[in-house]
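Visitor: Can you keep this structure in mind? I'll have questions shortly.
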Amino acid sequence: MLTRHLDQRAAERAAAADRWVETGLLFCEPVGSMLQPDHITTAFHRYLKRAKLPPVRLHDLRHGAITLALAAGHIMKNISALLRHSSVTITADLCTNVVPELAHADAASFADLVPRRAAS
């Protein structure tokens, strides 16, 4: 897919000729300039509709990815750094949903920490 994208971008660059703006960006407008957020949102909604998926905000995918990363066992600090949040607190407070299975696993691991008397 990346090769196909690079081929498409090369064709756009040739078509734009002297109107091409060299930004060094991998994903850009057909004349090389930075992608416009509304163009990305419009394309995203078009892909959702074509795939017959329910409408969601593009930003919701970011929140979902955080939740899935946590469920997969990734460390909050690493997730926060990947998202370029200024603190782990922002990631934890604003961008996570508790997946029921993850909450159950956490509760079980906490219970395992409780000291118990040996059976007599």
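By convention in this document, the chains of the structure tokens carry letters A, B, ... by their order, each chain's residues are numbered from 1, and ligands are numbered from 1 in the order they are shown.
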Any idea what's packed within 12 Å of range 37-41 of chain A, counting only C-alpha atoms, ignoring anything in its chain fewer than 3 positions away? Could you give it as a ChimeraX atom specification?
Guide: /A:27-30,34,44-48,55-59
Visitor: Rounded to one decimal place, report the CA of His63 in chain A-CA of Thr91 in chain A distance in Å.
Guide: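 Here the two named atoms are 9.2 Å from each other.
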Visitor: Kindly give the distance, in Å, that separates CA of Ser87 in chain A and CA of Gln36 in chain A, rounded to a single decimal.
Guide: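 Value for the CA of Ser87 in chain A-CA of Gln36 in chain A distance: 27.4 Å.
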Visitor: From the list A:Leu70, A:Ala10, A:Ala51, A:Ala107, which residue is nearest Gly32 in chain A when using only C-alpha atoms?
Guide: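 Looking at the shortest contact to Gly32 in chain A, the residue is A:Ala10.
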Visitor: Which of range 42-79 of chain A end up as helix (DSSP H, G or I) when DSSP is run on this backbone - answer as a ChimeraX atom specification?
Guide: /A:42-50,58-71,76-79
Visitor: Report as a list in words all protein, DNA and RNA residues lying within 12 Å of Ile90 in chain A, evaluated on only C-alpha atoms, omitting residues in the same chain fewer than 2 positions from it.
Guide: His63, Ile66, Met76, Lys77, Ile79, Ser80, Ala81, Leu83, Arg84, His85, Ser86, Ser87, Val88, Ala92, Asp93, Leu94, Cys95 and Thr96 of chain A
Visitor: Record the distance separating CA of Leu2 in chain A and CA of Leu26 in chain A, expressed in Å with one decimal.
Guide: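 CA of Leu2 in chain A sits 9.7 Å away from CA of Leu26 in chain A.
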